[in-house]
>>> print(open('my_file.txt').read())   # compact mmCIF, C-alpha atoms
# COMPACT_ATOMS: atom_id res chain seq x y z
CA MET Z 112 7.38 27.22 -21.89
CA THR Z 113 9.83 24.54 -20.97
CA ASP Z 114 9.59 21.07 -22.40
CA THR Z 115 9.55 19.29 -19.05
CA ALA Z 116 5.95 18.22 -19.59
CA ARG Z 117 6.66 16.56 -22.93
CA PRO Z 118 6.33 12.79 -22.76
CA ASP Z 119 9.58 12.28 -24.63
CA THR Z 120 11.73 13.90 -21.98
CA ALA Z 121 13.64 11.72 -19.57
CA ALA Z 122 12.03 13.13 -16.45
CA TYR Z 123 8.71 14.33 -15.06
CA GLY Z 124 8.72 18.01 -14.18
CA PRO Z 125 8.81 18.35 -10.39
CA THR Z 126 5.83 20.21 -8.93
CA GLU Z 127 5.14 21.65 -5.53
CA ARG Z 128 3.38 18.47 -4.49
CA THR Z 129 5.94 16.03 -5.86
CA VAL Z 130 8.92 17.69 -4.16
CA PRO Z 131 9.07 16.19 -0.66
CA THR Z 132 9.41 18.48 2.35
CA ARG Z 133 12.15 16.22 3.71
CA ALA Z 134 14.70 13.66 2.47
CA ARG Z 135 14.68 15.36 -0.93
CA GLN Z 136 17.80 13.45 -1.91
CA ARG Z 137 15.66 10.30 -1.99
CA ALA Z 138 13.29 11.70 -4.63
CA SER Z 139 13.60 11.15 -8.37
CA TYR Z 140 11.57 12.35 -11.33
CA ASP Z 141 13.29 10.09 -13.81
CA ARG Z 142 10.78 8.33 -16.08
CA GLU Z 143 12.72 5.08 -16.16
CA ALA Z 144 12.97 5.00 -12.37
CA VAL Z 145 9.24 5.65 -12.03
CA HIS Z 146 8.34 3.06 -14.67
CA ALA Z 147 10.59 0.40 -13.12
CA ILE Z 148 8.91 0.71 -9.72
CA LEU Z 149 5.42 0.70 -11.25
CA ASP Z 150 6.19 -2.28 -13.49
CA GLU Z 151 7.34 -4.44 -10.58
CA SER Z 152 3.92 -4.41 -8.94
CA TYR Z 153 0.22 -4.58 -9.82
CA LEU Z 154 -1.37 -3.30 -6.63
CA CYS Z 155 -1.56 0.41 -5.88
CA HIS Z 156 -3.24 2.37 -3.13
CA LEU Z 157 -5.68 4.70 -4.82
CA GLY Z 158 -6.63 7.85 -2.94
CA PHE Z 159 -9.54 10.14 -3.68
CA VAL Z 160 -11.67 12.62 -1.78
CA ARG Z 161 -15.24 11.84 -0.80
CA ASP Z 162 -17.37 14.33 1.14
CA GLY Z 163 -14.19 16.24 1.95
CA ALA Z 164 -12.42 13.28 3.53
CA PRO Z 165 -9.70 11.06 2.07
CA VAL Z 166 -10.37 7.46 1.00
CA VAL Z 167 -7.53 5.02 0.24
CA LEU Z 168 -8.35 1.69 -1.40
CA PRO Z 169 -6.06 -1.11 -2.62
CA THR Z 170 -6.61 -1.51 -6.35
CA LEU Z 171 -5.10 -3.38 -9.28
CA TYR Z 172 -3.51 -1.25 -12.00
CA ALA Z 173 -1.50 -1.44 -15.18
CA ARG Z 174 0.97 0.93 -16.77
CA VAL Z 175 0.79 1.38 -20.54
CA GLY Z 176 3.31 3.94 -21.70
CA GLU Z 177 2.56 7.16 -19.88
CA ALA Z 178 -0.85 6.10 -18.60
CA LEU Z 179 -2.03 4.13 -15.59
CA TYR Z 180 -5.25 2.17 -15.84
CA VAL Z 181 -7.40 1.06 -12.93
CA HIS Z 182 -10.56 -0.96 -13.25
CA GLY Z 183 -13.54 -1.61 -11.08
CA SER Z 184 -17.23 -2.16 -10.98
CA THR Z 185 -19.22 0.56 -12.69
CA GLY Z 186 -21.01 1.00 -9.36
CA SER Z 187 -17.90 1.62 -7.26
CA ARG Z 188 -17.49 4.99 -5.59
CA PRO Z 189 -14.41 6.40 -7.32
CA LEU Z 190 -15.63 5.28 -10.73
CA ARG Z 191 -19.06 6.83 -10.43
CA ALA Z 192 -17.35 10.21 -10.14
CA THR Z 193 -15.41 9.90 -13.39
CA GLY Z 194 -18.12 9.91 -16.03
CA GLU Z 195 -17.39 11.15 -19.51
CA SER Z 196 -19.09 14.49 -18.94
CA ASP Z 197 -17.40 15.09 -15.59
CA PRO Z 198 -14.24 17.11 -15.13
CA GLY Z 199 -12.58 14.00 -13.75
CA LEU Z 200 -11.72 12.92 -10.25
CA PRO Z 201 -8.50 14.11 -8.56
CA VAL Z 202 -6.63 11.01 -7.44
CA CYS Z 203 -3.31 9.96 -5.98
CA LEU Z 204 -1.95 6.50 -6.82
CA THR Z 205 0.87 5.17 -4.69
CA VAL Z 206 2.91 1.99 -5.21
CA THR Z 207 5.37 0.83 -2.55
CA HIS Z 208 7.92 -2.00 -2.44
CA VAL Z 209 9.35 -2.91 0.97
CA ASP Z 210 12.97 -4.03 0.51
CA GLY Z 211 14.36 -4.21 4.03
CA LEU Z 212 13.99 -3.52 7.73
CA VAL Z 213 16.75 -1.16 8.86
CA LEU Z 214 17.80 -1.73 12.47
CA ALA Z 215 19.98 0.99 13.94
CA ARG Z 216 21.68 1.15 17.33
CA SER Z 217 19.33 4.02 18.23
CA ALA Z 218 15.55 3.73 18.12
CA PHE Z 219 15.42 7.05 16.26
CA HIS Z 220 17.38 5.80 13.24
CA HIS Z 221 15.26 2.71 12.64
CA SER Z 222 13.79 2.80 9.16
CA ILE Z 223 12.82 0.66 6.24
CA ASN Z 224 14.36 0.33 2.82
CA TYR Z 225 11.69 0.88 0.21
CA ARG Z 226 10.96 2.11 -3.28
CA SER Z 227 7.76 4.02 -3.91
CA VAL Z 228 6.06 6.00 -6.64
CA VAL Z 229 3.43 8.66 -6.01
CA VAL Z 230 1.30 9.78 -8.96
CA HIS Z 231 -0.98 12.81 -8.74
CA GLY Z 232 -3.52 13.25 -11.46
CA THR Z 233 -7.07 13.29 -12.68
CA ALA Z 234 -8.91 10.03 -13.26
CA ARG Z 235 -11.08 9.92 -16.36
CA GLN Z 236 -13.28 7.09 -17.50
CA VAL Z 237 -12.15 5.26 -20.63
CA THR Z 238 -15.03 5.15 -23.09
CA ASP Z 239 -13.24 4.14 -26.30
CA PRO Z 240 -13.89 0.38 -26.65
CA GLU Z 241 -10.47 -0.32 -28.16
CA GLU Z 242 -8.63 1.50 -25.37
CA LYS Z 243 -10.83 -0.18 -22.79
CA ASN Z 244 -10.00 -3.64 -24.13
CA LEU Z 245 -6.32 -2.79 -24.25
CA ALA Z 246 -6.43 -1.53 -20.66
CA LEU Z 247 -8.21 -4.64 -19.38
CA ASP Z 248 -5.66 -6.88 -21.08
CA ALA Z 249 -2.89 -4.77 -19.59
CA ILE Z 250 -4.30 -5.12 -16.06
CA VAL Z 251 -4.35 -8.93 -16.41
CA ASP Z 252 -0.84 -8.92 -17.90
CA GLN Z 253 0.47 -6.61 -15.17
CA VAL Z 254 -0.33 -9.36 -12.65
CA VAL Z 255 1.02 -12.23 -14.81
CA ALA Z 256 2.82 -11.27 -18.02
CA GLY Z 257 1.37 -13.10 -21.00
CA ARG Z 258 -1.79 -14.15 -19.24
CA SER Z 259 -4.36 -12.12 -21.19
CA ALA Z 260 -3.60 -14.08 -24.38
CA ASP Z 261 -4.26 -17.30 -22.46
CA SER Z 262 -7.73 -16.61 -21.06
CA ARG Z 263 -11.20 -15.98 -22.44
CA PRO Z 264 -11.56 -12.28 -23.36
CA ALA Z 265 -14.32 -10.28 -21.74
CA ASN Z 266 -17.69 -10.53 -23.46
CA ALA Z 267 -20.12 -7.66 -24.00
CA ARG Z 268 -21.89 -8.18 -20.68
CA GLU Z 269 -18.61 -8.24 -18.74
CA LEU Z 270 -17.30 -5.18 -20.56
CA ALA Z 271 -20.47 -3.28 -19.72
CA ALA Z 272 -20.10 -4.18 -16.03
CA THR Z 273 -16.49 -3.02 -15.88
CA ALA Z 274 -15.37 0.57 -15.75
CA VAL Z 275 -11.80 1.56 -16.55
CA ILE Z 276 -10.24 4.83 -15.52
CA ARG Z 277 -7.04 6.34 -16.86
CA VAL Z 278 -4.61 8.58 -15.04
CA ASP Z 279 -1.89 10.13 -17.16
CA LEU Z 280 1.65 9.96 -15.83
CA ALA Z 281 2.54 13.63 -15.77
CA GLU Z 282 2.99 14.51 -12.12
CA ALA Z 283 4.92 11.58 -10.70
CA SER Z 284 7.89 10.98 -8.47
CA ALA Z 285 9.85 8.04 -7.15
CA LYS Z 286 11.40 7.80 -3.73
CA ALA Z 287 13.74 5.18 -2.37
CA ARG Z 288 15.80 4.38 0.66
CA THR Z 289 18.65 1.90 0.37
CA GLY Z 290 21.60 0.84 2.48
CA GLY Z 291 22.30 0.26 6.14
CA PRO Z 292 21.45 2.25 9.25
CA ASN Z 293 22.76 5.78 9.68
CA ASP Z 294 23.74 5.72 13.34
CA GLU Z 295 25.22 8.68 15.19
CA PRO Z 296 29.01 8.50 15.63
CA GLU Z 297 28.65 8.41 19.41
CA ASP Z 298 26.38 5.34 19.19
CA MET Z 299 28.78 3.11 17.25
CA GLY Z 300 30.12 1.44 20.38
CA LEU Z 301 26.70 0.49 21.76
CA PRO Z 302 26.09 -3.27 22.17
CA HIS Z 303 22.99 -3.35 19.91
CA TRP Z 304 22.94 -5.35 16.67
CA ALA Z 305 22.73 -3.12 13.59
CA GLY Z 306 22.00 -4.02 10.00
CA VAL Z 307 19.29 -4.83 7.53
CA VAL Z 308 16.74 -7.65 7.31
CA PRO Z 309 15.97 -8.14 3.59
CA VAL Z 310 12.28 -8.19 2.67
CA SER Z 311 10.73 -9.34 -0.58
CA ARG Z 312 7.42 -10.38 -2.09
CA THR Z 313 7.74 -14.01 -3.03
CA TYR Z 314 5.61 -16.38 -5.10
CA GLY Z 315 4.90 -19.97 -4.21
CA ALA Z 316 4.21 -22.94 -6.46
CA PRO Z 317 0.93 -22.41 -8.36
CA VAL Z 318 -2.01 -24.33 -6.87
CA PRO Z 319 -4.42 -25.60 -9.56
CA SER Z 320 -8.15 -25.31 -9.00
CA ALA Z 321 -9.69 -28.50 -7.67
CA ASP Z 322 -11.88 -28.62 -10.77
CA LEU Z 323 -9.04 -28.15 -13.28
CA ALA Z 324 -8.88 -30.93 -15.85
CA ASP Z 325 -5.72 -33.03 -15.65
CA SER Z 326 -5.11 -32.33 -19.32
CA VAL Z 327 -4.43 -28.64 -18.65
CA ALA Z 328 -0.71 -28.22 -17.95
CA LEU Z 329 0.94 -25.42 -16.01
CA PRO Z 330 1.78 -22.75 -18.61
CA ASP Z 331 5.39 -21.69 -19.13
CA TYR Z 332 4.77 -18.13 -17.98
CA LEU Z 333 3.73 -19.47 -14.56
CA ALA Z 334 6.37 -22.19 -14.31
CA ALA Z 335 9.03 -19.51 -14.86
CA ARG Z 336 7.63 -17.37 -12.05
CA ALA Z 337 7.47 -20.04 -9.35
CA MET S 298 -28.25 4.79 21.50
CA THR S 299 -26.68 1.48 20.68
CA ASP S 300 -23.40 0.42 22.18
CA THR S 301 -21.68 -0.33 18.87
CA ALA S 302 -19.25 2.57 19.41
CA ARG S 303 -18.03 1.28 22.76
CA PRO S 304 -14.45 0.01 22.65
CA ASP S 305 -15.37 -3.12 24.57
CA THR S 306 -17.72 -4.44 21.92
CA ALA S 307 -16.53 -7.11 19.56
CA ALA S 308 -17.09 -5.09 16.41
CA TYR S 309 -16.74 -1.58 15.01
CA GLY S 310 -20.05 0.00 14.09
CA PRO S 311 -20.41 0.04 10.30
CA THR S 312 -20.78 3.52 8.82
CA GLU S 313 -21.78 4.74 5.42
CA ARG S 314 -18.13 4.95 4.39
CA THR S 315 -17.03 1.59 5.77
CA VAL S 316 -19.80 -0.38 4.07
CA PRO S 317 -18.51 -1.20 0.57
CA THR S 318 -20.69 -0.53 -2.45
CA ARG S 319 -19.87 -3.98 -3.77
CA ALA S 320 -18.64 -7.36 -2.50
CA ARG S 321 -20.18 -6.61 0.89
CA GLN S 322 -19.83 -10.24 1.89
CA ARG S 323 -16.05 -9.67 1.98
CA ALA S 324 -16.30 -6.92 4.61
CA SER S 325 -15.96 -7.42 8.36
CA TYR S 326 -16.18 -5.06 11.30
CA ASP S 327 -14.90 -7.55 13.81
CA ARG S 328 -12.23 -6.03 16.06
CA GLU S 329 -10.13 -9.19 16.18
CA ALA S 330 -10.15 -9.48 12.39
CA VAL S 331 -9.14 -5.82 12.04
CA HIS S 332 -6.42 -6.12 14.68
CA ALA S 333 -4.96 -9.30 13.18
CA ILE S 334 -4.52 -7.67 9.76
CA LEU S 335 -3.02 -4.53 11.28
CA ASP S 336 -0.66 -6.48 13.54
CA GLU S 337 0.81 -8.47 10.66
CA SER S 338 2.26 -5.38 9.00
CA TYR S 339 3.99 -2.12 9.88
CA LEU S 340 3.53 -0.14 6.66
CA CYS S 341 0.28 1.61 5.89
CA HIS S 342 -0.77 3.95 3.13
CA LEU S 343 -1.82 7.18 4.78
CA GLY S 344 -4.25 9.38 2.88
CA PHE S 345 -5.06 12.99 3.59
CA VAL S 346 -6.40 15.97 1.65
CA ARG S 347 -4.13 18.85 0.67
CA ASP S 348 -5.46 21.82 -1.29
CA GLY S 349 -8.55 19.78 -2.09
CA ALA S 350 -6.62 16.89 -3.65
CA PRO S 351 -5.80 13.50 -2.17
CA VAL S 352 -2.27 12.56 -1.09
CA VAL S 353 -1.30 8.95 -0.30
CA LEU S 354 2.05 8.27 1.36
CA PRO S 355 3.60 5.01 2.61
CA THR S 356 4.18 5.35 6.35
CA LEU S 357 5.21 3.19 9.30
CA TYR S 358 2.60 2.71 12.01
CA ALA S 359 1.89 0.83 15.20
CA ARG S 360 -1.33 -0.36 16.79
CA VAL S 361 -1.69 0.01 20.57
CA GLY S 362 -5.08 -1.16 21.72
CA GLU S 363 -7.65 0.89 19.86
CA ALA S 364 -5.22 3.50 18.56
CA LEU S 365 -2.92 3.69 15.57
CA TYR S 366 0.25 5.76 15.81
CA VAL S 367 2.19 7.20 12.89
CA HIS S 368 5.37 9.19 13.22
CA GLY S 369 7.23 11.60 11.03
CA SER S 370 9.34 14.68 10.91
CA THR S 371 7.74 17.67 12.58
CA GLY S 372 8.12 19.43 9.24
CA SER S 373 6.24 16.88 7.16
CA ARG S 374 3.03 17.95 5.46
CA PRO S 375 0.40 15.80 7.20
CA LEU S 376 1.95 16.43 10.61
CA ARG S 377 2.03 20.20 10.28
CA ALA S 378 -1.76 20.12 9.96
CA THR S 379 -2.32 18.24 13.23
CA GLY S 380 -1.17 20.73 15.86
CA GLU S 381 -2.61 20.66 19.35
CA SER S 382 -4.90 23.61 18.73
CA ASP S 383 -6.17 22.29 15.40
CA PRO S 384 -9.37 20.32 14.98
CA GLY S 385 -7.26 17.46 13.62
CA LEU S 386 -6.66 16.19 10.12
CA PRO S 387 -9.12 13.79 8.44
CA VAL S 388 -7.12 10.76 7.36
CA CYS S 389 -7.59 7.30 5.90
CA LEU S 390 -5.05 4.61 6.78
CA THR S 391 -5.06 1.46 4.68
CA VAL S 392 -3.07 -1.74 5.22
CA THR S 393 -3.07 -4.48 2.59
CA HIS S 394 -1.61 -7.98 2.48
CA VAL S 395 -1.39 -9.69 -0.91
CA ASP S 396 -1.94 -13.43 -0.43
CA GLY S 397 -2.36 -14.79 -3.93
CA LEU S 398 -2.82 -14.19 -7.64
CA VAL S 399 -6.12 -15.66 -8.78
CA LEU S 400 -6.04 -16.89 -12.38
CA ALA S 401 -9.42 -17.67 -13.86
CA ARG S 402 -10.29 -19.16 -17.23
CA SER S 403 -11.86 -15.83 -18.17
CA ALA S 404 -9.98 -12.53 -18.08
CA PHE S 405 -12.94 -10.98 -16.25
CA HIS S 406 -12.66 -13.26 -13.20
CA HIS S 407 -8.96 -12.67 -12.59
CA SER S 408 -8.42 -11.28 -9.11
CA ILE S 409 -6.08 -11.33 -6.18
CA ASN S 410 -6.48 -12.84 -2.75
CA TYR S 411 -5.83 -10.18 -0.16
CA ARG S 412 -6.64 -8.96 3.34
CA SER S 413 -6.99 -5.25 3.93
CA VAL S 414 -8.06 -2.84 6.64
CA VAL S 415 -9.32 0.66 5.97
CA VAL S 416 -9.43 3.09 8.91
CA HIS S 417 -11.18 6.45 8.66
CA GLY S 418 -10.49 8.96 11.38
CA THR S 419 -9.01 12.18 12.58
CA ALA S 420 -5.27 12.44 13.16
CA ARG S 421 -4.25 14.37 16.26
CA GLN S 422 -0.74 15.12 17.38
CA VAL S 423 0.41 13.37 20.54
CA THR S 424 1.73 15.94 22.99
CA ASP S 425 1.87 13.93 26.22
CA PRO S 426 5.54 12.90 26.59
CA GLU S 427 4.71 9.52 28.12
CA GLU S 428 2.27 8.61 25.34
CA LYS S 429 4.73 9.85 22.72
CA ASN S 430 7.51 7.62 24.10
CA LEU S 431 5.16 4.66 24.25
CA ALA S 432 4.07 5.27 20.65
CA LEU S 433 7.65 5.53 19.36
CA ASP S 434 8.58 2.28 21.11
CA ALA S 435 5.48 0.67 19.62
CA ILE S 436 6.42 1.77 16.10
CA VAL S 437 9.87 0.17 16.46
CA ASP S 438 8.35 -2.97 17.98
CA GLN S 439 5.72 -3.19 15.24
CA VAL S 440 8.55 -3.66 12.73
CA VAL S 441 10.55 -6.09 14.90
CA ALA S 442 8.90 -7.29 18.12
CA GLY S 443 11.17 -6.74 21.10
CA ARG S 444 13.48 -4.34 19.34
CA SER S 445 12.74 -1.12 21.26
CA ALA S 446 14.17 -2.63 24.46
CA ASP S 447 17.38 -3.44 22.55
CA SER S 448 18.25 -0.01 21.14
CA ARG S 449 19.18 3.39 22.51
CA PRO S 450 15.99 5.31 23.39
CA ALA S 451 15.38 8.66 21.73
CA ASN S 452 17.05 11.61 23.44
CA ALA S 453 15.50 15.06 23.94
CA ARG S 454 16.73 16.40 20.61
CA GLU S 455 15.39 13.39 18.69
CA LEU S 456 12.05 13.53 20.50
CA ALA S 457 11.70 17.20 19.61
CA ALA S 458 12.37 16.44 15.94
CA THR S 459 9.76 13.68 15.82
CA ALA S 460 6.04 14.21 15.68
CA VAL S 461 3.62 11.42 16.48
CA ILE S 462 -0.02 11.40 15.45
CA ARG S 463 -2.76 9.19 16.80
CA VAL S 464 -5.82 7.94 14.97
CA ASP S 465 -8.41 6.17 17.11
CA LEU S 466 -9.78 2.90 15.79
CA ALA S 467 -13.47 3.68 15.70
CA GLU S 468 -14.45 3.62 12.04
CA ALA S 469 -12.62 0.62 10.65
CA SER S 470 -13.35 -2.34 8.45
CA ALA S 471 -11.52 -5.39 7.15
CA LYS S 472 -11.97 -6.89 3.74
CA ALA S 473 -10.61 -10.14 2.41
CA ARG S 474 -10.76 -12.38 -0.62
CA THR S 475 -9.74 -16.01 -0.31
CA GLY S 476 -10.05 -19.14 -2.40
CA GLY S 477 -9.80 -20.04 -6.05
CA PRO S 478 -11.22 -18.43 -9.18
CA ASN S 479 -14.99 -18.10 -9.63
CA ASP S 480 -15.32 -19.02 -13.27
CA GLU S 481 -18.62 -19.10 -15.15
CA PRO S 482 -20.09 -22.61 -15.58
CA GLU S 483 -19.83 -22.35 -19.36
CA ASP S 484 -16.09 -21.62 -19.12
CA MET S 485 -15.10 -24.73 -17.16
CA GLY S 486 -14.15 -26.68 -20.26
CA LEU S 487 -11.80 -24.02 -21.65
CA PRO S 488 -8.18 -25.08 -22.03
CA HIS S 489 -6.78 -22.32 -19.80
CA TRP S 490 -4.98 -23.11 -16.54
CA ALA S 491 -6.92 -21.93 -13.48
CA GLY S 492 -5.78 -21.64 -9.90
CA VAL S 493 -3.91 -19.51 -7.41
CA VAL S 494 -0.28 -18.44 -7.19
CA PRO S 495 0.47 -17.93 -3.47
CA VAL S 496 2.11 -14.61 -2.56
CA SER S 497 3.80 -13.70 0.69
CA ARG S 498 6.15 -11.16 2.19
CA THR S 499 9.30 -13.00 3.17
CA TYR S 500 12.34 -12.08 5.24
CA GLY S 501 15.91 -12.99 4.36
CA ALA S 502 18.87 -13.64 6.63
CA PRO S 503 19.79 -10.44 8.53
CA VAL S 504 22.80 -8.62 7.04
CA PRO S 505 24.97 -6.99 9.72
CA SER S 506 26.32 -3.49 9.14
CA ALA S 507 29.88 -3.50 7.83
CA ASP S 508 30.91 -1.54 10.91
CA LEU S 509 29.25 -3.87 13.43
CA ALA S 510 31.69 -5.21 16.04
CA ASP S 511 32.23 -8.97 15.86
CA SER S 512 31.33 -9.18 19.53
CA VAL S 513 27.69 -8.21 18.83
CA ALA S 514 25.72 -11.39 18.16
CA LEU S 515 22.49 -11.67 16.20
CA PRO S 516 19.70 -11.26 18.78
CA ASP S 517 17.21 -14.07 19.32
CA TYR S 518 14.25 -11.99 18.13
CA LEU S 519 15.93 -11.66 14.72
CA ALA S 520 17.24 -15.20 14.50
CA ALA S 521 13.69 -16.46 15.05
CA ARG S 522 12.38 -14.31 12.21
CA ALA S 523 14.89 -15.35 9.54
>>> encode(input="my_file.txt", output="structure tokens")
Amino acid sequence: MTDTARPDTAAYGPTERTVPTRARQRASYDREAVHAILDESYLCHLGFVRDGAPVVLPTLYARVGEALYVHGSTGSRPLRATGESDPGLPVCLTVTHVDGLVLARSAFHHSINYRSVVVHGTARQVTDPEEKNLALDAIVDQVVAGRSADSRPANARELAATAVIRVDLAEASAKARTGGPNDEPEDMGLPHWAGVVPVSRTYGAPVPSADLADSVALPDYLAARA
Amino acid sequence: MTDTARPDTAAYGPTERTVPTRARQRASYDREAVHAILDESYLCHLGFVRDGAPVVLPTLYARVGEALYVHGSTGSRPLRATGESDPGLPVCLTVTHVDGLVLARSAFHHSINYRSVVVHGTARQVTDPEEKNLALDAIVDQVVAGRSADSRPANARELAATAVIRVDLAEASAKARTGGPNDEPEDMGLPHWAGVVPVSRTYGAPVPSADLADSVALPDYLAARA
């Protein structure tokens, strides 16, 4: 027994499916690196298997410690397969940030700069009401920090209509590419422009609902973001 | 026999797995709608099944007519399973644009505005040299239109190291959410801000490689983008 699976270690234990077949130098199992990439977004691509074929759906998520939470309608396909009595649904959650377009002198060395996290695990439905409430708050706060405290909490009917699944962060890896193009030495004299076009996700000025009362001011947590 | 599967029809034929279990009014099978969402990006999340479990990896792609092309190292996991003699690999390719954060008065009605395309299909390796070259050019041009003509084409060694897979656009659907929050009538008087924070992917000024000769100017196709 090694202690690589213990949550208080600094890294996730690499497994056969988290060690990439190529560009291994870009992979990291460091918890802080994985958390940082997860915390910068709120939309993952959730993969599961249905009738033997893969399904990938964009889904909101939140990270709370060493767990990821995803919510959805109780009638949605992945959630119906994660009932309390089930063994759980094998899933893969992937989060990707695009940071730059990498233009090399050769077509072959074109690439993008990115940071991604891939989490393999088993999705299980959250049935404890306290954990479910905490997870739902976390999903709202993952999108806009501080927002859950400034909205009406879910009522009993809404809670019943919402399913939350948890995936523990145990088998996770981060991967990143940074820097400029890696052209071949013999291509350096070619007349093609080479470099990086920075890419980022940006947020515009908040647009109030047409029916918002004039007395409701833009909250600080949104003013700071814009 | 209906003609919904014919490539010259305006829509993809809905199938059991492209009809969502909920929010069906957000789904579209219109080819132009699907193409427009695909053409605005270059990064998909590619899902496949490995040892019975789902794997989701961020991957560059290009659309050419009614085909999607993805490339990778010949040693990469999904590509090794798509050899010429194989029946092909079942895949799901998903492309998502985040357009806005939707803040409702109630936690339950928080959402995001997005446009996504989900493609189900079978990945097959491209072995015809002409199609492979066309696909590789298309992948470069998907990232920056016009770029493939302004870079050194792949040589024989690079072509041999690169595998290209094709997924035909036959079972595809688009889904989108637009507009403001859909709060409950009884929540309209609550003192919480409600509205949308616009989100977009933006491109910064191109950063030339440190080793780029001063004589190489920024090409028009990049200047227009910045």
>>> interface_residues(input="my_file.txt", of="chain Z", to="chain S", cutoff="6 Å", atoms="only C-alpha atoms", output="number ranges by chain")
Z: 132, 158-160, 164-166, 187, 201-203, 216-219, 262-265, 303-315, 317-320, 327
>>> residues_around(input="my_file.txt", residues="S:His368", least_positions_apart="2", cutoff="7 Å", atoms="only C-alpha atoms", output="PyMOL selection string")
chain S and resi 366+459-462
>>> residues_around(input="my_file.txt", residues="S:Glu329", least_positions_apart="5", cutoff="12 Å", atoms="only C-alpha atoms", output="NGL selection string")
:S and (305-309 or 334-336 or 362-363 or 414 or 469-471)
>>> atom_distance(input="my_file.txt", atom1="atom CA of Z:Thr129", atom2="atom CA of S:Gly385")
23.6 Å
>>> atom_distance(input="my_file.txt", atom1="atom CA of S:Arg323", atom2="atom CA of S:Thr475")
9.2 Å
>>> atom_distance(input="my_file.txt", atom1="atom CA of Z:Ala173", atom2="atom CA of Z:Asp141")
18.8 Å
>>> build_atoms(input="my_file.txt", residues="stretch 314-325 of chain Z", atoms="N, CA, C and O atoms", output="mmCIF file, in the coordinates of the input")
data_model
loop_
_atom_site.group_PDB
_atom_site.id
_atom_site.type_symbol
_atom_site.label_atom_id
_atom_site.label_comp_id
_atom_site.auth_asym_id
_atom_site.auth_seq_id
_atom_site.Cartn_x
_atom_site.Cartn_y
_atom_site.Cartn_z
ATOM 1 N N TYR Z 314 6.697 -15.639 -4.471
ATOM 2 C CA TYR Z 314 5.610 -16.380 -5.100
ATOM 3 C C TYR Z 314 5.832 -17.865 -4.900
ATOM 4 O O TYR Z 314 6.924 -18.374 -5.163
ATOM 5 N N GLY Z 315 4.809 -18.537 -4.428
ATOM 6 C CA GLY Z 315 4.900 -19.970 -4.210
ATOM 7 C C GLY Z 315 4.517 -20.758 -5.453
ATOM 8 O O GLY Z 315 4.184 -20.186 -6.498
ATOM 9 N N ALA Z 316 4.587 -22.081 -5.340
ATOM 10 C CA ALA Z 316 4.210 -22.940 -6.460
ATOM 11 C C ALA Z 316 2.717 -22.781 -6.743
ATOM 12 O O ALA Z 316 1.900 -22.821 -5.828
ATOM 13 N N PRO Z 317 2.350 -22.586 -8.009
ATOM 14 C CA PRO Z 317 0.930 -22.410 -8.360
ATOM 15 C C PRO Z 317 0.082 -23.599 -7.917
ATOM 16 O O PRO Z 317 0.499 -24.752 -8.049
ATOM 17 N N VAL Z 318 -1.087 -23.305 -7.361
ATOM 18 C CA VAL Z 318 -2.010 -24.330 -6.870
ATOM 19 C C VAL Z 318 -3.190 -24.419 -7.837
ATOM 20 O O VAL Z 318 -4.001 -23.496 -7.925
ATOM 21 N N PRO Z 319 -3.309 -25.514 -8.587
ATOM 22 C CA PRO Z 319 -4.420 -25.600 -9.560
ATOM 23 C C PRO Z 319 -5.770 -25.682 -8.859
ATOM 24 O O PRO Z 319 -5.876 -26.210 -7.754
ATOM 25 N N SER Z 320 -6.793 -25.146 -9.509
ATOM 26 C CA SER Z 320 -8.150 -25.310 -9.000
ATOM 27 C C SER Z 320 -8.502 -26.790 -8.889
ATOM 28 O O SER Z 320 -8.056 -27.610 -9.704
ATOM 29 N N ALA Z 321 -9.304 -27.098 -7.879
ATOM 30 C CA ALA Z 321 -9.690 -28.500 -7.670
ATOM 31 C C ALA Z 321 -10.414 -29.053 -8.896
ATOM 32 O O ALA Z 321 -10.332 -30.244 -9.189
ATOM 33 N N ASP Z 322 -11.098 -28.151 -9.622
ATOM 34 C CA ASP Z 322 -11.880 -28.620 -10.770
ATOM 35 C C ASP Z 322 -11.126 -28.481 -12.094
ATOM 36 O O ASP Z 322 -11.726 -28.558 -13.160
ATOM 37 N N LEU Z 323 -9.808 -28.275 -12.030
ATOM 38 C CA LEU Z 323 -9.040 -28.150 -13.280
ATOM 39 C C LEU Z 323 -8.812 -29.525 -13.892
ATOM 40 O O LEU Z 323 -8.376 -30.461 -13.196
ATOM 41 N N ALA Z 324 -9.084 -29.640 -15.174
ATOM 42 C CA ALA Z 324 -8.880 -30.930 -15.850
ATOM 43 C C ALA Z 324 -7.392 -31.289 -15.851
ATOM 44 O O ALA Z 324 -6.529 -30.420 -16.003
ATOM 45 N N ASP Z 325 -7.107 -32.580 -15.681
ATOM 46 C CA ASP Z 325 -5.720 -33.030 -15.650
ATOM 47 C C ASP Z 325 -4.977 -32.713 -16.943
ATOM 48 O O ASP Z 325 -3.756 -32.602 -16.964
#
